[in-house]
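Structure file data.tsv; described as TSV, C-alpha atoms.
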chain	number	residue	atom	x	y	z
A	606	SER	CA	66.27	136.71	53.22
A	607	TYR	CA	66.29	133.08	52.08
A	608	ARG	CA	65.40	130.34	54.50
A	609	TRP	CA	66.64	126.82	53.72
A	610	SER	CA	63.99	124.13	53.51
A	611	PRO	CA	64.55	120.38	53.03
A	612	ARG	CA	61.68	120.31	50.55
A	613	ALA	CA	63.51	122.80	48.31
A	614	HIS	CA	66.60	120.61	48.06
A	615	PRO	CA	65.64	116.93	47.57
A	616	LEU	CA	69.01	116.20	45.93
A	617	MET	CA	70.88	117.62	48.94
A	618	MET	CA	68.70	115.56	51.25
A	619	ARG	CA	69.49	112.40	49.31
A	620	GLU	CA	73.22	113.13	49.50
A	621	TRP	CA	72.91	113.78	53.22
A	622	GLY	CA	71.03	110.51	53.63
A	623	VAL	CA	73.71	108.61	51.73
A	624	GLN	CA	76.45	110.07	53.98
A	625	VAL	CA	74.54	109.20	57.13
A	626	GLY	CA	73.98	105.70	55.81
A	627	LEU	CA	77.68	105.22	55.05
A	628	TRP	CA	78.69	106.43	58.50
A	629	ALA	CA	76.11	104.12	60.06
A	630	VAL	CA	77.56	101.15	58.16
A	631	LEU	CA	81.11	102.06	59.26
A	632	LEU	CA	80.06	102.44	62.89
A	633	LEU	CA	78.18	99.15	62.79
A	634	ALA	CA	81.22	97.43	61.27
A	635	ALA	CA	83.41	98.86	64.03
A	636	TYR	CA	80.86	97.74	66.63
A	637	LEU	CA	80.86	94.20	65.21
A	638	HIS	CA	84.65	94.23	64.59
A	639	ILE	CA	84.45	93.70	60.83
A	640	PRO	CA	86.79	92.64	59.28
A	641	TYR	CA	87.76	89.92	61.74
A	642	THR	CA	91.26	90.07	63.22
A	643	GLN	CA	93.59	87.64	61.45
A	644	LEU	CA	96.18	85.46	63.17
A	645	SER	CA	99.82	86.21	62.48
A	646	PRO	CA	102.02	83.35	61.18
A	647	ASP	CA	103.50	82.95	64.68
A	648	LEU	CA	100.10	82.65	66.36
A	649	HIS	CA	98.81	80.36	63.62
A	650	SER	CA	101.83	78.09	64.12
A	651	TRP	CA	101.32	78.17	67.89
A	652	LYS	CA	97.69	77.11	67.52
A	653	SER	CA	98.54	74.40	65.00
A	654	SER	CA	101.11	72.87	67.34
A	655	GLY	CA	98.68	72.71	70.26
A	656	LYS	CA	95.72	70.52	71.19
A	657	PHE	CA	92.26	70.82	72.72
A	658	PHE	CA	90.45	68.87	75.41
A	659	THR	CA	86.86	69.24	76.58
A	660	TYR	CA	85.82	70.42	80.03
A	661	LYS	CA	82.06	70.34	80.66
A	662	GLY	CA	81.35	70.88	76.98
A	663	LEU	CA	83.93	73.67	76.62
A	664	ARG	CA	87.07	73.40	74.49
A	665	ILE	CA	90.33	74.19	76.30
A	666	PHE	CA	93.55	74.78	74.37
A	667	TYR	CA	96.83	73.43	75.70
A	668	GLN	CA	100.43	72.72	74.75
A	669	ASP	CA	102.28	69.56	75.78
A	670	SER	CA	105.86	69.46	74.64
A	671	VAL	CA	108.24	66.57	75.33
A	672	GLY	CA	111.86	67.49	74.67
A	673	ASP	CA	115.13	65.62	74.51
A	674	SER	CA	116.45	66.75	77.88
A	675	CYS	CA	116.23	64.66	81.00
A	676	GLY	CA	114.76	66.02	84.18
A	677	PHE	CA	111.52	67.44	85.42
A	678	THR	CA	108.11	68.34	84.07
A	679	ARG	CA	107.06	71.97	84.35
A	680	PHE	CA	103.55	73.41	84.28
A	681	PRO	CA	103.76	77.14	83.42
A	682	ILE	CA	99.91	77.36	83.40
A	683	SER	CA	99.25	80.14	80.86
A	684	SER	CA	100.30	79.13	77.36
A	685	TYR	CA	99.86	82.57	75.77
A	686	ASP	CA	102.08	84.26	78.38
A	687	TRP	CA	104.80	81.71	77.80
A	688	TYR	CA	104.73	81.06	74.07
A	689	LYS	CA	107.65	83.43	73.43
A	690	ASN	CA	109.64	81.57	76.12
A	691	TRP	CA	108.58	78.12	74.98
A	692	GLU	CA	111.79	77.12	73.22
A	693	GLY	CA	113.89	78.08	76.25
A	694	LEU	CA	111.67	76.03	78.54
A	695	THR	CA	111.59	72.95	76.33
A	696	LEU	CA	115.38	72.98	76.03
A	697	ARG	CA	115.71	73.02	79.81
A	698	PHE	CA	112.98	70.59	80.90
A	699	HIS	CA	111.94	67.15	79.74
A	700	ARG	CA	108.25	68.02	79.48
A	701	VAL	CA	106.44	71.36	79.55
A	702	ILE	CA	102.66	71.64	79.80
A	703	ALA	CA	100.62	74.83	79.56
A	704	LEU	CA	97.01	75.74	78.85
A	705	ASP	CA	94.89	78.73	77.96
A	706	PHE	CA	92.42	79.33	80.76
A	707	LEU	CA	88.73	79.50	79.94
A	708	GLY	CA	88.07	82.88	78.33
A	709	VAL	CA	91.69	83.35	77.25
A	710	GLY	CA	93.67	82.71	74.06
A	711	PHE	CA	92.39	79.84	71.92
A	712	SER	CA	90.13	78.34	74.60
A	713	ASP	CA	86.37	78.87	74.51
A	714	LYS	CA	85.07	82.18	75.83
A	715	PRO	CA	81.45	81.60	76.86
A	716	ARG	CA	79.12	84.46	77.77
A	717	PRO	CA	77.27	85.06	79.90
A	718	HIS	CA	79.37	82.97	82.24
A	719	HIS	CA	80.40	83.15	85.88
A	720	TYR	CA	84.19	83.09	85.56
A	721	SER	CA	86.01	82.18	88.76
A	722	ILE	CA	89.50	81.21	89.89
A	723	SER	CA	88.12	78.02	91.44
A	724	GLU	CA	86.73	76.93	88.06
A	725	GLN	CA	90.08	77.63	86.39
A	726	VAL	CA	91.77	75.44	89.01
A	727	SER	CA	89.26	72.68	88.23
A	728	ILE	CA	90.19	73.00	84.55
A	729	VAL	CA	93.88	72.53	85.41
A	730	GLU	CA	92.98	69.39	87.39
A	731	ALA	CA	90.85	68.16	84.47
A	732	LEU	CA	93.82	68.61	82.12
A	733	LEU	CA	96.00	66.52	84.43
A	734	ARG	CA	93.37	63.76	84.35
A	735	HIS	CA	93.13	64.07	80.57
A	736	LEU	CA	96.90	63.57	80.31
A	737	GLY	CA	96.88	60.72	82.81
A	738	LEU	CA	98.95	62.67	85.34
A	739	GLN	CA	96.41	62.96	88.16
A	740	ASN	CA	98.26	60.40	90.29
A	741	CYS	CA	101.75	61.60	89.35
A	742	ARG	CA	103.80	64.45	90.72
A	743	ILE	CA	104.40	67.23	88.21
A	744	GLN	CA	107.87	67.56	89.74
A	745	TYR	CA	109.89	65.30	91.96
A	746	LYS	CA	108.96	65.69	95.61
A	747	GLN	CA	112.27	67.21	96.62
A	748	ASN	CA	112.11	69.69	93.74
A	749	ARG	CA	108.53	70.91	93.86
A	750	SER	CA	108.33	74.68	93.81
A	751	VAL	CA	106.19	77.68	92.94
A	752	CYS	CA	107.34	80.71	90.96
A	753	LEU	CA	105.00	83.71	90.80
A	754	SER	CA	105.25	86.13	87.90
A	755	ASN	CA	102.18	88.30	88.44
A	756	GLY	CA	101.95	90.88	91.20
A	757	GLY	CA	98.17	90.95	91.59
A	758	ILE	CA	98.19	89.16	94.94
A	759	PHE	CA	97.17	91.77	97.49
A	760	PRO	CA	93.99	93.81	96.88
A	761	GLU	CA	95.30	96.63	99.09
A	762	THR	CA	98.31	97.30	96.84
A	763	HIS	CA	96.61	96.60	93.50
A	764	ARG	CA	96.02	99.63	91.25
A	765	PRO	CA	93.69	98.54	88.40
A	766	LEU	CA	93.54	100.52	85.18
A	767	LEU	CA	90.55	102.75	84.43
A	768	LEU	CA	88.99	100.27	81.99
A	769	GLN	CA	89.41	97.47	84.53
A	770	LYS	CA	87.58	99.56	87.12
A	771	LEU	CA	84.72	100.21	84.71
A	772	LEU	CA	84.34	96.56	83.68
A	773	LYS	CA	85.01	94.60	86.86
A	774	ASP	CA	81.56	95.24	88.35
A	775	GLU	CA	79.68	94.14	85.19
A	776	GLY	CA	77.51	97.26	85.18
A	777	VAL	CA	75.15	98.50	82.48
A	778	LEU	CA	78.06	100.00	80.53
A	779	SER	CA	80.00	96.75	80.28
A	780	PRO	CA	78.26	95.29	77.18
A	781	ILE	CA	78.70	98.61	75.37
A	782	LEU	CA	82.33	99.12	76.35
A	783	THR	CA	83.36	95.58	75.41
A	784	ARG	CA	81.65	95.96	72.02
A	785	LEU	CA	83.24	99.33	71.31
A	786	MET	CA	86.72	98.21	72.28
A	787	ASN	CA	88.91	98.01	69.18
A	788	PHE	CA	92.62	97.75	68.41
A	789	PHE	CA	93.13	101.51	68.77
A	790	VAL	CA	91.48	101.63	72.22
A	791	PHE	CA	93.25	98.44	73.28
A	792	SER	CA	96.73	99.56	72.23
A	793	ARG	CA	96.33	103.00	73.80
A	794	GLY	CA	95.06	101.43	77.00
A	795	LEU	CA	98.22	99.32	77.27
A	796	THR	CA	100.52	102.35	77.22
A	797	PRO	CA	100.68	102.74	81.03
A	798	VAL	CA	101.61	99.11	81.66
A	799	PHE	CA	104.73	98.98	79.47
A	800	GLY	CA	108.05	100.59	80.20
A	801	PRO	CA	109.11	103.53	78.00
A	802	CYS	CA	112.01	101.50	76.61
A	803	THR	CA	110.13	98.22	76.19
A	804	TRP	CA	107.02	99.24	74.25
A	805	LEU	CA	105.90	96.49	71.88
A	806	CYS	CA	106.04	96.86	68.12
A	807	GLU	CA	102.75	97.06	66.24
A	808	SER	CA	102.86	93.44	65.09
A	809	GLU	CA	103.22	92.25	68.70
A	810	LEU	CA	100.31	94.44	69.76
A	811	TRP	CA	98.21	92.94	66.96
A	812	ASP	CA	99.11	89.47	68.25
A	813	MET	CA	97.90	90.44	71.73
A	814	TRP	CA	94.70	91.90	70.30
A	815	ALA	CA	94.15	88.79	68.15
A	816	GLY	CA	94.50	86.66	71.28
A	817	ILE	CA	91.63	88.61	72.81
A	818	ARG	CA	89.46	88.76	69.69
A	819	ILE	CA	89.56	85.00	69.02
A	820	ASN	CA	86.11	83.56	69.81
A	821	ASP	CA	84.85	87.12	70.55
A	822	GLY	CA	86.90	87.24	73.73
A	823	ASN	CA	86.50	91.01	74.02
A	824	LEU	CA	82.89	90.38	75.03
A	825	ALA	CA	84.02	88.19	77.94
A	826	ILE	CA	86.52	90.63	79.46
A	827	ASP	CA	84.12	91.95	82.07
A	828	GLY	CA	83.44	88.40	83.24
A	829	LEU	CA	87.13	87.55	83.43
A	830	LEU	CA	87.83	90.66	85.51
A	831	GLN	CA	85.69	89.27	88.32
A	832	TYR	CA	88.93	87.88	89.76
A	833	ILE	CA	89.53	91.41	91.11
A	834	ASN	CA	86.40	91.19	93.24
A	835	GLN	CA	87.11	87.56	94.14
A	836	ARG	CA	90.56	88.55	95.33
A	837	LYS	CA	89.06	90.94	97.89
A	838	LYS	CA	86.46	88.43	99.06
A	839	LEU	CA	88.90	85.52	99.34
A	840	ARG	CA	92.01	87.46	100.33
A	841	ARG	CA	92.54	85.63	103.63
A	842	ARG	CA	92.23	82.21	102.01
A	843	TRP	CA	94.43	82.89	98.99
A	844	VAL	CA	97.18	84.90	100.69
A	845	GLY	CA	97.08	82.55	103.66
A	846	ALA	CA	97.74	79.59	101.40
A	847	LEU	CA	100.81	81.28	99.92
A	848	ALA	CA	102.10	82.34	103.32
A	849	SER	CA	101.86	78.80	104.71
A	850	VAL	CA	103.59	76.85	101.91
A	851	THR	CA	106.63	74.82	102.88
A	852	ILE	CA	108.00	74.25	99.37
A	853	PRO	CA	110.35	76.84	97.80
A	854	ILE	CA	108.49	79.90	96.53
A	855	HIS	CA	109.86	82.67	94.36
A	856	PHE	CA	108.61	85.95	92.91
A	857	ILE	CA	109.80	87.77	89.78
A	858	TYR	CA	109.15	91.48	90.31
A	859	ARG	CA	109.27	94.40	87.87
A	860	PRO	CA	110.07	97.79	89.51
A	861	LEU	CA	108.19	99.95	86.98
A	862	ASP	CA	104.88	98.09	87.34
A	863	PRO	CA	102.11	100.72	87.84
A	864	VAL	CA	99.50	98.08	88.73
A	865	ASN	CA	101.56	96.73	91.66
A	866	PRO	CA	103.70	99.78	92.47
A	867	TYR	CA	107.11	99.87	94.06
A	868	PRO	CA	107.84	99.86	96.97
A	869	GLU	CA	104.33	99.31	98.46
A	870	PHE	CA	103.79	95.90	96.91
A	871	LEU	CA	107.29	94.57	97.52
A	872	ASP	CA	107.26	95.72	101.16
A	873	LEU	CA	103.96	93.95	101.84
A	874	TYR	CA	105.08	90.84	99.96
A	875	GLY	CA	108.28	90.61	102.01
A	876	LYS	CA	106.40	90.95	105.30
A	877	THR	CA	103.71	88.43	104.33
A	878	LEU	CA	105.60	85.68	102.50
A	879	LEU	CA	108.63	85.30	104.73
A	880	ARG	CA	109.89	82.11	103.05
A	881	SER	CA	109.84	83.52	99.54
A	882	THR	CA	112.83	84.69	97.58
A	883	VAL	CA	112.52	87.60	95.13
A	884	TRP	CA	114.21	88.39	91.83
A	885	ILE	CA	113.95	92.05	90.81
A	886	LEU	CA	114.24	92.71	87.10
A	887	ASP	CA	115.85	95.81	85.56
A	888	ASP	CA	114.44	99.20	86.57
A	889	HIS	CA	112.80	99.82	83.19
A	890	ILE	CA	110.69	96.62	83.15
A	891	SER	CA	106.97	97.06	83.79
A	892	ASP	CA	103.81	94.91	83.93
A	893	TYR	CA	104.60	92.45	81.08
A	894	PRO	CA	108.13	91.15	81.82
A	895	GLN	CA	107.64	87.98	79.76
A	896	LEU	CA	107.19	90.22	76.68
A	897	GLU	CA	109.33	93.23	77.61
A	898	ASP	CA	112.41	91.23	78.60
A	899	THR	CA	111.95	87.64	77.46
A	900	ILE	CA	115.54	86.55	78.12
A	901	GLY	CA	115.79	88.33	81.46
A	902	PHE	CA	112.47	86.86	82.57
A	903	LEU	CA	113.50	83.34	81.58
A	904	ASN	CA	116.87	83.76	83.33
A	905	ALA	CA	115.05	84.89	86.48
A	906	TYR	CA	113.02	81.69	86.43
A	907	MET	CA	115.99	79.47	85.63
A	908	GLY	CA	118.03	81.12	88.35
A	909	PHE	CA	115.39	80.12	90.89
A	910	ILE	CA	115.18	76.55	89.58
Just give me the structure as structure tokens.
Amino acid sequence: SYRWSPRAHPLMMREWGVQVGLWAVLLLAAYLHIPYTQLSPDLHSWKSSGKFFTYKGLRIFYQDSVGDSCGFTRFPISSYDWYKNWEGLTLRFHRVIALDFLGVGFSDKPRPHHYSISEQVSIVEALLRHLGLQNCRIQYKQNRSVCLSNGGIFPETHRPLLLQKLLKDEGVLSPILTRLMNFFVFSRGLTPVFGPCTWLCESELWDMWAGIRINDGNLAIDGLLQYINQRKKLRRRWVGALASVTIPIHFIYRPLDPVNPYPEFLDLYGKTLLRSTVWILDDHISDYPQLEDTIGFLNAYMGFI
């Protein structure tokens, strides 16, 4: 019988070495996300129309649009969530201001960094000072209001996705998982949080992935997810503040949301925030109503206003 020996086949060994080397290069490229994700024309235009201000040495992206209409100023907070609704908002309100939080969108995404909700609030206040609005009311006193469009309020009814569970505690796997995350993993991971009839097209998914990849934001995801732990620790303070407001408060709910499932979340919300009104979107809308049903979501907000 013949027994194979590497010494008897130097040419085969060289070919094997070349194949291993090529695979190593491909895996390293995937690990480092080469080539870099490009911005679509829409995202490039959105960035070009915005501005930056500096908060403690960090660049924060924001939009400040002054329209032709008379009336109030609105502060939607998250620019990336609202950019598809921007035209509808600017047609309705005199001035609309929004920013990308630290670690999100076009803003800086430092790491390591202790991301916290309190710091994000400080950034909002810093933007108001930057715009000279710190001593002004964002809306007239008799028309001040709060509209919530994210269901992650109560830790007891929140059902995080598997990847969120793995990353929120910043364990030893976090640096590896954030590095290995790519468009394929990202898009497949979003499947549970979209309705079966409202799944995004591939170009929209690439826009979402580009928003994460800008400034290596995928490496900061585990830090951003600390809000899940903060929500448990500060539940009494945060929920108590919402329950005690005296201004009009409204919630836009999506029945198919797996992260804040029906009816558990809505039942607890109704018992806790007695003064709040609720707008329930169509049955097939899930966790991203501003993308799944842009017009319906905007109408829900306008109906409250």
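Shortest separation to A:Val726 among A:Leu847, A:Phe706, A:Pro801, A:Ile852 occurs at residue A:Phe706, atoms counted being only C-alpha atoms.
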Emit as AutoDock Vina command-line options the padded axis-aligned box for all listed atoms of stretch 713-728 of chain A, 4 Å per side, with centre and edge lengths in Å to one decimal.
--center_x 84.5 --center_y 78.9 --center_z 83.0 --size_x 22.5 --size_y 20.4 --size_z 24.9
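Atom CA of A:Ala703 is positioned 24.0 Å from atom CA of A:Leu824.
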List the spatial neighbours of A:Asp669 as a PDB file with C-alpha atoms, keeping the file's coordinate frame - criterion: any atom at most 10 Å away, all atoms listed in the file, same-chain residues fewer than 6 positions off excluded.
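This went into part-v5.pdb:
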ATOM      1  CA  SER A 654     101.110  72.870  67.340  1.00  0.00           C
ATOM      2  CA  GLY A 655      98.680  72.710  70.260  1.00  0.00           C
ATOM      3  CA  LYS A 656      95.720  70.520  71.190  1.00  0.00           C
ATOM      4  CA  PHE A 680     103.550  73.410  84.280  1.00  0.00           C
ATOM      5  CA  SER A 684     100.300  79.130  77.360  1.00  0.00           C
ATOM      6  CA  THR A 695     111.590  72.950  76.330  1.00  0.00           C
ATOM      7  CA  ARG A 700     108.250  68.020  79.480  1.00  0.00           C
ATOM      8  CA  VAL A 701     106.440  71.360  79.550  1.00  0.00           C
ATOM      9  CA  ILE A 702     102.660  71.640  79.800  1.00  0.00           C
ATOM     10  CA  ALA A 703     100.620  74.830  79.560  1.00  0.00           C
ATOM     11  CA  LEU A 704      97.010  75.740  78.850  1.00  0.00           C
ATOM     12  CA  LEU A 736      96.900  63.570  80.310  1.00  0.00           C
TER      13      LEU A 736
END
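When atom CA of A:Pro765 is paired with atom CA of A:Ser808, their separation reads 25.6 Å.
Atom CA of A:Gly708 is found 20.4 Å from atom CA of A:Ser650.
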**Report entry** All residues 10 Å or closer to A:Leu886, all atoms listed in the file, same chain fewer than 3 positions away omitted, as a list in words
**Finding:** Ile857, Tyr858, Arg859, Pro860, Leu861, Val883, His889, Ile890, Ser891, Pro894, Asp898, Gly901, Phe902 and Ala905 of chain A
Output C-alpha atoms for every residue in that selection, as a short mmCIF file (atom, residue, chain, number, x, y, z; two decimals), keeping the file's coordinate frame.
data_model
loop_
_atom_site.label_atom_id
_atom_site.label_comp_id
_atom_site.auth_asym_id
_atom_site.auth_seq_id
_atom_site.Cartn_x
_atom_site.Cartn_y
_atom_site.Cartn_z
CA ILE A 857 109.80 87.77 89.78
CA TYR A 858 109.15 91.48 90.31
CA ARG A 859 109.27 94.40 87.87
CA PRO A 860 110.07 97.79 89.51
CA LEU A 861 108.19 99.95 86.98
CA VAL A 883 112.52 87.60 95.13
CA HIS A 889 112.80 99.82 83.19
CA ILE A 890 110.69 96.62 83.15
CA SER A 891 106.97 97.06 83.79
CA PRO A 894 108.13 91.15 81.82
CA ASP A 898 112.41 91.23 78.60
CA GLY A 901 115.79 88.33 81.46
CA PHE A 902 112.47 86.86 82.57
CA ALA A 905 115.05 84.89 86.48
#
**Report entry** Selection: 12 Å around A:Glu809, only C-alpha atoms, excl. self and same-chain fewer than 5 positions, as a VMD selection string
**Finding:** chain A and resid 644 to 648 689 788 792 803 to 804 814 to 816 896 to 897
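Among the candidates A:Leu879, A:Ser750, A:Ile826, A:Arg697, the one nearest to A:Ile781 when counting only C-alpha atoms is A:Ile826.
With all atoms listed in the file as the basis for measurement, A:Phe909 is the residue among A:Trp651, A:Tyr667, A:Phe909, A:Tyr720 that approaches A:Val751 most closely.
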